[in-house]
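Undergrad: Contents are mmCIF, C-alpha atoms; file name structure39.cif:
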```
data_upload
loop_
_atom_site.group_PDB
_atom_site.id
_atom_site.type_symbol
_atom_site.label_atom_id
_atom_site.label_comp_id
_atom_site.auth_asym_id
_atom_site.auth_seq_id
_atom_site.Cartn_x
_atom_site.Cartn_y
_atom_site.Cartn_z
ATOM 1 C CA MET A 1 -1.991 -16.504 6.685
ATOM 2 C CA LYS A 2 1.370 -15.002 5.871
ATOM 3 C CA ILE A 3 1.625 -13.980 2.262
ATOM 4 C CA TYR A 4 5.339 -14.659 1.897
ATOM 5 C CA LEU A 5 4.591 -18.340 1.199
ATOM 6 C CA ALA A 6 2.383 -17.422 -1.738
ATOM 7 C CA ILE A 7 4.992 -15.009 -3.002
ATOM 8 C CA ALA A 8 7.691 -17.644 -2.787
ATOM 9 C CA ALA A 9 5.559 -20.009 -4.838
ATOM 10 C CA THR A 10 5.013 -17.317 -7.440
ATOM 11 C CA LEU A 11 8.728 -16.626 -7.696
ATOM 12 C CA ILE A 12 9.532 -20.297 -8.155
ATOM 13 C CA ALA A 13 7.131 -20.399 -11.088
ATOM 14 C CA LEU A 14 8.823 -17.516 -12.882
ATOM 15 C CA PRO A 15 10.892 -18.546 -15.930
ATOM 16 C CA VAL A 16 14.671 -18.259 -15.763
ATOM 17 C CA ALA A 17 16.070 -15.208 -17.498
ATOM 18 C CA ALA A 18 17.923 -15.832 -20.740
ATOM 19 C CA GLN A 19 20.778 -13.607 -19.604
ATOM 20 C CA ALA A 20 22.349 -12.758 -16.292
ATOM 21 C CA PRO A 21 19.959 -10.504 -14.374
ATOM 22 C CA VAL A 22 21.062 -6.965 -13.716
ATOM 23 C CA ALA A 23 20.689 -5.953 -10.083
ATOM 24 C CA MET A 24 19.833 -2.348 -9.404
ATOM 25 C CA ASP A 25 22.282 -0.352 -7.367
ATOM 26 C CA ASP A 26 21.592 -0.106 -3.685
ATOM 27 C CA GLN A 27 23.618 0.757 -0.627
ATOM 28 C CA SER A 28 24.566 -2.890 -0.091
ATOM 29 C CA GLN A 29 26.174 -3.089 -3.531
ATOM 30 C CA LEU A 30 28.655 -0.393 -2.579
ATOM 31 C CA ALA A 31 31.106 -0.749 0.279
ATOM 32 C CA PRO A 32 29.035 -1.317 3.423
ATOM 33 C CA SER A 33 28.649 1.239 6.150
ATOM 34 C CA VAL A 34 30.638 0.735 9.324
ATOM 35 C CA GLN A 35 29.995 1.754 12.891
ATOM 36 C CA PRO A 36 32.225 4.429 14.414
ATOM 37 C CA PRO A 37 34.802 3.303 16.982
ATOM 38 C CA ALA A 38 33.648 3.378 20.588
ATOM 39 C CA GLY A 39 33.533 6.951 21.820
ATOM 40 C CA ALA A 40 33.890 8.402 18.323
ATOM 41 C CA ASP A 41 31.360 10.554 16.511
ATOM 42 C CA TYR A 42 30.049 10.432 12.974
ATOM 43 C CA PHE A 43 31.531 12.839 10.467
ATOM 44 C CA GLN A 44 30.140 16.328 10.963
ATOM 45 C CA PRO A 45 29.515 18.352 7.803
ATOM 46 C CA PRO A 46 30.065 22.118 7.910
ATOM 47 C CA LEU A 47 27.326 24.528 8.934
ATOM 48 C CA GLU A 48 25.617 26.838 6.469
ATOM 49 C CA SER A 49 26.842 29.785 8.523
ATOM 50 C CA GLU A 50 30.362 28.819 7.459
ATOM 51 C CA LEU A 51 29.673 29.313 3.759
ATOM 52 C CA PRO A 52 31.646 32.130 2.133
ATOM 53 C CA ASP A 53 29.762 35.112 0.760
ATOM 54 C CA ASN A 54 30.889 34.625 -2.818
ATOM 55 C CA ALA A 55 29.878 32.821 -6.020
ATOM 56 C CA PHE A 56 30.732 29.401 -4.569
ATOM 57 C CA GLY A 57 28.655 30.034 -1.465
ATOM 58 C CA ALA A 58 25.739 31.190 -3.615
ATOM 59 C CA LEU A 59 25.890 28.030 -5.739
ATOM 60 C CA VAL A 60 26.018 25.791 -2.656
ATOM 61 C CA ARG A 61 22.999 27.561 -1.168
ATOM 62 C CA GLU A 62 21.134 27.079 -4.424
ATOM 63 C CA GLY A 63 22.053 23.383 -4.427
ATOM 64 C CA ARG A 64 20.684 23.060 -0.918
ATOM 65 C CA ALA A 65 17.440 24.758 -1.976
ATOM 66 C CA ILE A 66 17.044 22.345 -4.905
ATOM 67 C CA PHE A 67 17.785 19.397 -2.637
ATOM 68 C CA VAL A 68 15.091 20.215 -0.096
ATOM 69 C CA ASP A 69 12.484 21.591 -2.532
ATOM 70 C CA THR A 70 13.183 19.655 -5.712
ATOM 71 C CA ARG A 71 9.598 19.666 -7.006
ATOM 72 C CA ASN A 72 9.476 23.456 -7.081
ATOM 73 C CA ARG A 73 13.109 24.224 -7.886
ATOM 74 C CA ALA A 74 13.437 21.683 -10.711
ATOM 75 C CA PRO A 75 9.813 21.027 -11.748
ATOM 76 C CA GLU A 76 10.661 20.063 -15.308
ATOM 77 C CA HIS A 77 12.672 17.110 -14.009
ATOM 78 C CA VAL A 78 10.349 15.813 -11.259
ATOM 79 C CA GLY A 79 7.316 13.720 -12.135
ATOM 80 C CA ASN A 80 5.905 12.994 -8.690
ATOM 81 C CA GLY A 81 5.620 14.424 -5.180
ATOM 82 C CA MET A 82 9.125 13.612 -3.983
ATOM 83 C CA ASN A 83 12.115 15.734 -2.986
ATOM 84 C CA CYS A 84 15.723 14.606 -2.549
ATOM 85 C CA THR A 85 15.541 15.117 1.191
ATOM 86 C CA ASN A 86 12.711 12.569 1.559
ATOM 87 C CA CYS A 87 15.256 9.737 1.382
ATOM 88 C CA HIS A 88 18.345 11.660 2.533
ATOM 89 C CA LEU A 89 17.074 13.202 5.742
ATOM 90 C CA ASP A 90 18.096 16.455 7.416
ATOM 91 C CA GLN A 91 18.996 18.093 4.100
ATOM 92 C CA GLY A 92 21.352 15.242 3.240
ATOM 93 C CA ARG A 93 23.271 15.596 6.494
ATOM 94 C CA LYS A 94 21.875 12.796 8.701
ATOM 95 C CA ALA A 95 24.190 9.874 9.427
ATOM 96 C CA ASN A 96 22.695 6.458 8.586
ATOM 97 C CA SER A 97 20.320 8.073 6.091
ATOM 98 C CA ALA A 98 22.556 7.944 2.997
ATOM 99 C CA PRO A 99 24.078 11.380 3.732
ATOM 100 C CA LEU A 100 25.697 13.256 0.865
ATOM 101 C CA TRP A 101 28.993 13.505 2.741
ATOM 102 C CA GLY A 102 29.133 9.700 2.780
ATOM 103 C CA ALA A 103 28.358 9.346 -0.921
ATOM 104 C CA TYR A 104 30.189 12.140 -2.735
ATOM 105 C CA PRO A 105 33.737 11.011 -1.790
ATOM 106 C CA MET A 106 32.995 7.417 -2.934
ATOM 107 C CA TYR A 107 32.472 8.262 -6.604
ATOM 108 C CA PRO A 108 33.281 7.422 -9.382
ATOM 109 C CA ALA A 109 31.996 3.904 -8.599
ATOM 110 C CA TYR A 110 30.805 0.852 -10.511
ATOM 111 C CA ARG A 111 27.049 0.309 -10.454
ATOM 112 C CA SER A 112 25.418 -2.962 -11.445
ATOM 113 C CA LYS A 113 22.272 -1.029 -12.331
ATOM 114 C CA ASN A 114 23.734 0.205 -15.595
ATOM 115 C CA ASP A 115 26.882 -1.966 -15.666
ATOM 116 C CA LYS A 116 29.365 0.912 -15.811
ATOM 117 C CA VAL A 117 31.493 3.137 -13.650
ATOM 118 C CA ASN A 118 29.311 6.123 -12.792
ATOM 119 C CA THR A 119 30.285 9.619 -11.865
ATOM 120 C CA TYR A 120 28.531 11.258 -8.943
ATOM 121 C CA VAL A 121 26.497 13.322 -11.405
ATOM 122 C CA GLU A 122 25.318 10.166 -13.163
ATOM 123 C CA ARG A 123 24.317 8.759 -9.780
ATOM 124 C CA MET A 124 22.155 11.821 -9.137
ATOM 125 C CA GLN A 125 20.660 11.603 -12.611
ATOM 126 C CA GLY A 126 19.423 8.142 -11.686
ATOM 127 C CA CYS A 127 17.663 9.596 -8.652
ATOM 128 C CA PHE A 128 15.707 11.959 -10.895
ATOM 129 C CA GLN A 129 14.750 9.119 -13.237
ATOM 130 C CA PHE A 130 13.660 6.624 -10.584
ATOM 131 C CA SER A 131 13.079 8.133 -7.148
ATOM 132 C CA MET A 132 11.446 11.236 -8.602
ATOM 133 C CA ASP A 133 9.935 9.505 -11.622
ATOM 134 C CA GLY A 134 11.183 12.283 -13.841
ATOM 135 C CA THR A 135 13.817 13.107 -16.439
ATOM 136 C CA ALA A 136 17.456 13.588 -15.580
ATOM 137 C CA PRO A 137 18.941 17.071 -15.918
ATOM 138 C CA ALA A 138 21.909 17.280 -18.286
ATOM 139 C CA ALA A 139 25.258 16.541 -16.669
ATOM 140 C CA ASP A 140 26.475 20.088 -17.329
ATOM 141 C CA SER A 141 23.212 21.786 -16.303
ATOM 142 C CA HIS A 142 22.983 24.434 -13.626
ATOM 143 C CA ILE A 143 20.847 22.105 -11.497
ATOM 144 C CA MET A 144 23.531 19.416 -11.469
ATOM 145 C CA ASN A 145 26.281 21.934 -10.879
ATOM 146 C CA ALA A 146 24.417 23.290 -7.862
ATOM 147 C CA LEU A 147 23.647 19.845 -6.398
ATOM 148 C CA SER A 148 27.257 18.770 -6.945
ATOM 149 C CA ALA A 149 28.555 21.906 -5.243
ATOM 150 C CA TYR A 150 26.261 21.292 -2.264
ATOM 151 C CA SER A 151 27.443 17.672 -1.983
ATOM 152 C CA TYR A 152 31.087 18.709 -2.328
ATOM 153 C CA TRP A 153 30.719 21.324 0.377
ATOM 154 C CA LEU A 154 28.968 18.950 2.794
ATOM 155 C CA SER A 155 31.936 16.599 2.301
ATOM 156 C CA THR A 156 34.495 19.224 3.341
ATOM 157 C CA GLY A 157 37.136 17.397 5.377
ATOM 158 C CA ALA A 158 35.835 13.881 4.611
ATOM 159 C CA PRO A 159 38.446 11.451 3.261
ATOM 160 C CA THR A 160 38.139 10.436 -0.394
ATOM 161 C CA GLY A 161 37.479 6.807 -1.211
ATOM 162 C CA GLU A 162 37.138 5.702 2.416
ATOM 163 C CA VAL A 163 33.919 4.265 3.796
ATOM 164 C CA GLN A 164 32.631 6.547 6.520
ATOM 165 C CA PRO A 165 30.519 5.338 9.447
ATOM 166 C CA GLY A 166 26.905 6.300 8.794
ATOM 167 C CA ARG A 167 27.252 6.492 5.013
ATOM 168 C CA ALA A 168 24.282 4.230 4.160
ATOM 169 C CA TYR A 169 21.192 2.798 5.824
ATOM 170 C CA PRO A 170 22.098 0.285 8.575
ATOM 171 C CA LYS A 171 21.131 -3.221 7.488
ATOM 172 C CA VAL A 172 18.165 -4.901 9.151
ATOM 173 C CA PRO A 173 18.084 -8.706 8.851
ATOM 174 C CA GLU A 174 14.999 -10.288 7.341
ATOM 175 C CA PRO A 175 12.837 -12.037 9.957
ATOM 176 C CA GLU A 176 13.294 -15.810 10.006
ATOM 177 C CA GLY A 177 9.641 -16.360 9.170
ATOM 178 C CA GLY A 178 9.576 -13.816 6.377
ATOM 179 C CA TYR A 179 7.335 -10.771 6.412
ATOM 180 C CA ASP A 180 3.605 -10.463 6.988
ATOM 181 C CA LEU A 181 1.535 -7.952 5.022
ATOM 182 C CA ALA A 182 -1.384 -8.055 7.456
ATOM 183 C CA GLN A 183 0.884 -7.178 10.357
ATOM 184 C CA GLY A 184 2.523 -4.558 8.175
ATOM 185 C CA ARG A 185 -0.856 -2.958 7.595
ATOM 186 C CA GLN A 186 -1.389 -2.816 11.349
ATOM 187 C CA VAL A 187 1.965 -1.130 11.919
ATOM 188 C CA TYR A 188 1.184 1.322 9.133
ATOM 189 C CA GLU A 189 -2.207 2.232 10.547
ATOM 190 C CA GLU A 190 -0.800 2.709 14.046
ATOM 191 C CA GLN A 191 2.509 4.399 13.258
ATOM 192 C CA CYS A 192 2.553 5.805 9.733
ATOM 193 C CA ALA A 193 -0.882 6.831 8.490
ATOM 194 C CA ILE A 194 -1.008 9.924 10.690
ATOM 195 C CA CYS A 195 1.693 11.495 8.500
ATOM 196 C CA HIS A 196 1.502 9.632 5.194
ATOM 197 C CA GLY A 197 -2.266 9.201 4.943
ATOM 198 C CA ASP A 198 -4.588 6.225 5.119
ATOM 199 C CA GLU A 199 -3.891 5.388 1.470
ATOM 200 C CA GLY A 200 -0.206 6.293 1.403
ATOM 201 C CA GLN A 201 -1.022 9.516 -0.427
ATOM 202 C CA GLY A 202 1.155 11.734 1.747
ATOM 203 C CA GLN A 203 0.090 14.974 3.343
ATOM 204 C CA LYS A 204 0.028 18.391 1.721
ATOM 205 C CA SER A 205 0.019 22.005 2.797
ATOM 206 C CA GLY A 206 -1.389 23.815 -0.179
ATOM 207 C CA GLU A 207 0.344 22.356 -3.241
ATOM 208 C CA ASP A 208 3.435 21.178 -1.383
ATOM 209 C CA PHE A 209 3.888 17.817 0.287
ATOM 210 C CA VAL A 210 4.729 18.069 3.978
ATOM 211 C CA PHE A 211 5.038 14.284 4.200
ATOM 212 C CA PRO A 212 5.800 12.328 1.011
ATOM 213 C CA PRO A 213 3.460 9.850 -0.669
ATOM 214 C CA LEU A 214 4.545 6.234 -0.162
ATOM 215 C CA TRP A 215 2.681 4.651 -3.076
ATOM 216 C CA GLY A 216 0.449 5.724 -5.928
ATOM 217 C CA LYS A 217 1.178 8.034 -8.848
ATOM 218 C CA GLU A 218 2.919 10.698 -6.742
ATOM 219 C CA SER A 219 5.443 8.317 -5.181
ATOM 220 C CA PHE A 220 8.753 6.834 -6.360
ATOM 221 C CA ASN A 221 8.529 4.433 -9.292
ATOM 222 C CA TRP A 222 9.225 0.695 -9.536
ATOM 223 C CA GLY A 223 12.825 1.360 -10.541
ATOM 224 C CA ALA A 224 13.749 3.298 -7.392
ATOM 225 C CA GLY A 225 15.907 1.665 -4.767
ATOM 226 C CA MET A 226 13.235 2.171 -2.124
ATOM 227 C CA HIS A 227 10.920 -0.286 -3.933
ATOM 228 C CA ARG A 228 13.067 -3.051 -2.438
ATOM 229 C CA ILE A 229 11.544 -4.262 0.800
ATOM 230 C CA ASN A 230 14.974 -4.744 2.381
ATOM 231 C CA THR A 231 16.084 -1.188 1.557
ATOM 232 C CA ALA A 232 12.808 0.304 2.777
ATOM 233 C CA ALA A 233 13.076 -1.742 5.991
ATOM 234 C CA ASP A 234 16.605 -0.408 6.570
ATOM 235 C CA PHE A 235 15.435 3.172 6.135
ATOM 236 C CA ILE A 236 12.301 2.730 8.249
ATOM 237 C CA LYS A 237 14.066 0.997 11.132
ATOM 238 C CA GLU A 238 16.655 3.762 11.405
ATOM 239 C CA SER A 239 14.522 6.861 10.904
ATOM 240 C CA MET A 240 10.783 6.174 11.139
ATOM 241 C CA PRO A 241 8.411 7.180 12.552
ATOM 242 C CA LEU A 242 9.982 10.598 12.138
ATOM 243 C CA GLY A 243 11.676 11.603 15.362
ATOM 244 C CA LYS A 244 11.258 8.069 16.765
ATOM 245 C CA GLY A 245 13.804 6.157 14.728
ATOM 246 C CA GLY A 246 14.762 2.807 16.221
ATOM 247 C CA SER A 247 11.434 2.413 18.007
ATOM 248 C CA LEU A 248 10.185 -0.336 15.645
ATOM 249 C CA THR A 249 11.440 -3.898 15.901
ATOM 250 C CA ASP A 250 13.247 -5.459 12.945
ATOM 251 C CA GLU A 251 10.151 -7.520 12.196
ATOM 252 C CA GLN A 252 7.873 -4.474 12.306
ATOM 253 C CA ALA A 253 10.192 -2.588 9.955
ATOM 254 C CA TRP A 254 10.142 -5.450 7.449
ATOM 255 C CA ASN A 255 6.404 -5.952 7.728
ATOM 256 C CA VAL A 256 5.521 -2.313 7.163
ATOM 257 C CA ALA A 257 8.097 -1.983 4.370
ATOM 258 C CA ALA A 258 6.492 -4.968 2.639
ATOM 259 C CA PHE A 259 3.017 -3.501 3.128
ATOM 260 C CA MET A 260 4.140 -0.178 1.659
ATOM 261 C CA ASN A 261 5.748 -1.860 -1.340
ATOM 262 C CA SER A 262 2.805 -4.183 -1.980
ATOM 263 C CA HIS A 263 0.958 -1.240 -3.549
ATOM 264 C CA GLU A 264 1.074 -0.021 -7.119
ATOM 265 C CA ARG A 265 3.272 2.914 -8.101
ATOM 266 C CA PRO A 266 4.594 4.460 -11.329
ATOM 267 C CA GLN A 267 6.026 1.990 -13.831
ATOM 268 C CA ASP A 268 9.725 1.143 -14.043
ATOM 269 C CA PRO A 269 10.928 3.392 -16.890
ATOM 270 C CA ARG A 270 13.094 0.507 -18.134
ATOM 271 C CA LEU A 271 9.952 -1.491 -19.050
ATOM 272 C CA ILE A 272 10.873 -3.984 -21.785
ATOM 273 C CA ASP A 273 8.415 -4.153 -24.710
ATOM 274 C CA GLY A 274 5.498 -3.456 -22.394
ATOM 275 C CA SER A 275 6.184 -6.682 -20.468
ATOM 276 C CA VAL A 276 6.264 -6.667 -16.675
ATOM 277 C CA GLU A 277 7.493 -10.278 -16.723
ATOM 278 C CA GLU A 278 10.471 -9.545 -18.976
ATOM 279 C CA THR A 279 11.309 -6.434 -16.990
ATOM 280 C CA ARG A 280 11.244 -8.416 -13.757
ATOM 281 C CA LYS A 281 13.516 -11.110 -15.186
ATOM 282 C CA LYS A 282 16.125 -8.595 -16.282
ATOM 283 C CA TYR A 283 16.018 -5.923 -13.590
ATOM 284 C CA HIS A 284 14.182 -7.243 -10.523
ATOM 285 C CA ALA A 285 14.726 -10.981 -10.143
ATOM 286 C CA ASN A 286 18.143 -10.452 -8.575
ATOM 287 C CA ASP A 287 17.397 -7.122 -6.952
ATOM 288 C CA GLY A 288 17.024 -7.755 -3.254
ATOM 289 C CA VAL A 289 13.531 -8.517 -1.931
ATOM 290 C CA ASN A 290 10.807 -6.909 -4.017
ATOM 291 C CA LEU A 291 7.299 -7.511 -5.323
ATOM 292 C CA TYR A 292 7.623 -6.245 -8.888
ATOM 293 C CA GLY A 293 5.868 -8.707 -11.170
ATOM 294 C CA VAL A 294 4.546 -10.726 -8.228
ATOM 295 C CA GLU A 295 0.875 -11.491 -7.711
ATOM 296 C CA VAL A 296 -0.425 -10.051 -4.437
ATOM 297 C CA ASN A 297 -4.087 -10.302 -3.487
ATOM 298 C CA GLY A 298 -4.968 -11.426 -6.998
ATOM 299 C CA VAL A 299 -3.148 -8.577 -8.771
ATOM 300 C CA VAL A 300 0.254 -8.691 -10.485
ATOM 301 C CA LEU A 301 2.201 -5.676 -9.279
ATOM 302 C CA GLY A 302 4.239 -3.555 -11.670
ATOM 303 C CA GLN A 303 1.495 -2.401 -14.023
ATOM 304 C CA GLY A 304 2.157 1.201 -13.039
ATOM 305 C CA THR A 305 -0.233 4.047 -12.295
ATOM 306 C CA ASP A 306 -2.047 6.420 -14.619
#
```
What would the structure in this file look like if it were written as structure tokens?
TA:
Amino acid sequence: MKIYLAIAATLIALPVAAQAPVAMDDQSQLAPSVQPPAGADYFQPPLESELPDNAFGALVREGRAIFVDTRNRAPEHVGNGMNCTNCHLDQGRKANSAPLWGAYPMYPAYRSKNDKVNTYVERMQGCFQFSMDGTAPAADSHIMNALSAYSYWLSTGAPTGEVQPGRAYPKVPEPEGGYDLAQGRQVYEEQCAICHGDEGQGQKSGEDFVFPPLWGKESFNWGAGMHRINTAADFIKESMPLGKGGSLTDEQAWNVAAFMNSHERPQDPRLIDGSVEETRKKYHANDGVNLYGVEVNGVVLGQGTD
């Protein structure tokens, strides 16, 4: 039986928040992505071979290195097995995978997540806190300077403040009948486990993850944007399985995204007084489609991992 009915019943039973819920930032809360005109190409960032051999070029190269190997290059700020490039594919260059060249020119921007206008650096700090379950580097730190320089350079020639085709994850509509965790498990076993492991633990070579963990203590936490089933479905439909993006149906993408996000992961760092229920009411109840604080298979999700 499809679990979405049980989830819906659980949500109806939740008490109404005493204040307006705060929705976390996601790509849909910013200006939506658009498709390029017929015959046109997506924006093409510069090649690394075009970097000047000077201090700026050195800083950009260092920013790129941090972006693709964040766990090793900024270990004091990363608390799990993730790297920036796990969500922003092809070193932050890939269209329709939240590329840096589509994001950098759109900031400063208002974010509902913290109810303020954020700089680009503040946006990246949030990634360290949630997607990498760590602590944000200081705004004026060398790490942030390098990542900002890399983003700035990738955006060379991109217009400022104009939505570029390919800037986000293309939206995938929710199936009319909702999602099905059992079918999601089947898709995962057939299409995903070979890279991400039978238990979503990822795959390592030595101490480094070759493929990132999708749930458990080494994955993104309950505050990360990817914990939303709709966001995960958008990403999966466009880019997964790796090298075979677009091969899953919309329904398969939603089902496997729901299956992935029906597992426990590190706690939302915004946890209110140790209460999953209160945290859900404030931060998750109006945050797309998600399972934080929802009972699945007899367990209330959102307890976090050790």
Undergrad: Would you please work out which residue, of A:Ala55, A:Ala253, A:Ile236, A:Ala258, is nearest to Cys87 of chain A when using all atoms listed in the file?
TA: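 Looking only at the distances to Cys87 of chain A, the closest residue turns out to be A:Ile236.
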Undergrad: Give as a count of residues only the residues that the PyMOL selection byres ((chain A and resi 108) around 7) matches when applied to the coordinates above.
TA: 7
Undergrad: Please determine, counting all atoms listed in the file, which residue among A:Asn114, A:Asn145, A:Asn83, A:Ser239 has the shortest atom-to-atom distance to Asp69 of chain A.
TA: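 Closest to Asp69 of chain A of all the choices is A:Asn83.
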Undergrad: Mind giving me the straight-line distance from atom CA of Phe128 of chain A to atom CA of Phe235 of chain A in Å, one decimal?
TA: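 If I compute the distance from atom CA of Phe128 of chain A to atom CA of Phe235 of chain A, I get 19.2 Å.
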Undergrad: Can you list, as a list of chain:residue names, every protein, DNA or RNA residue that comes within 12 Å of Glu50 of chain A when you count only C-alpha atoms, leaving out same-chain residues fewer than 5 positions away?
TA: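 My list of contacting residues is A:Pro45, A:Gly57, A:Val60, A:Arg61, A:Trp153, A:Leu154, A:Thr156.
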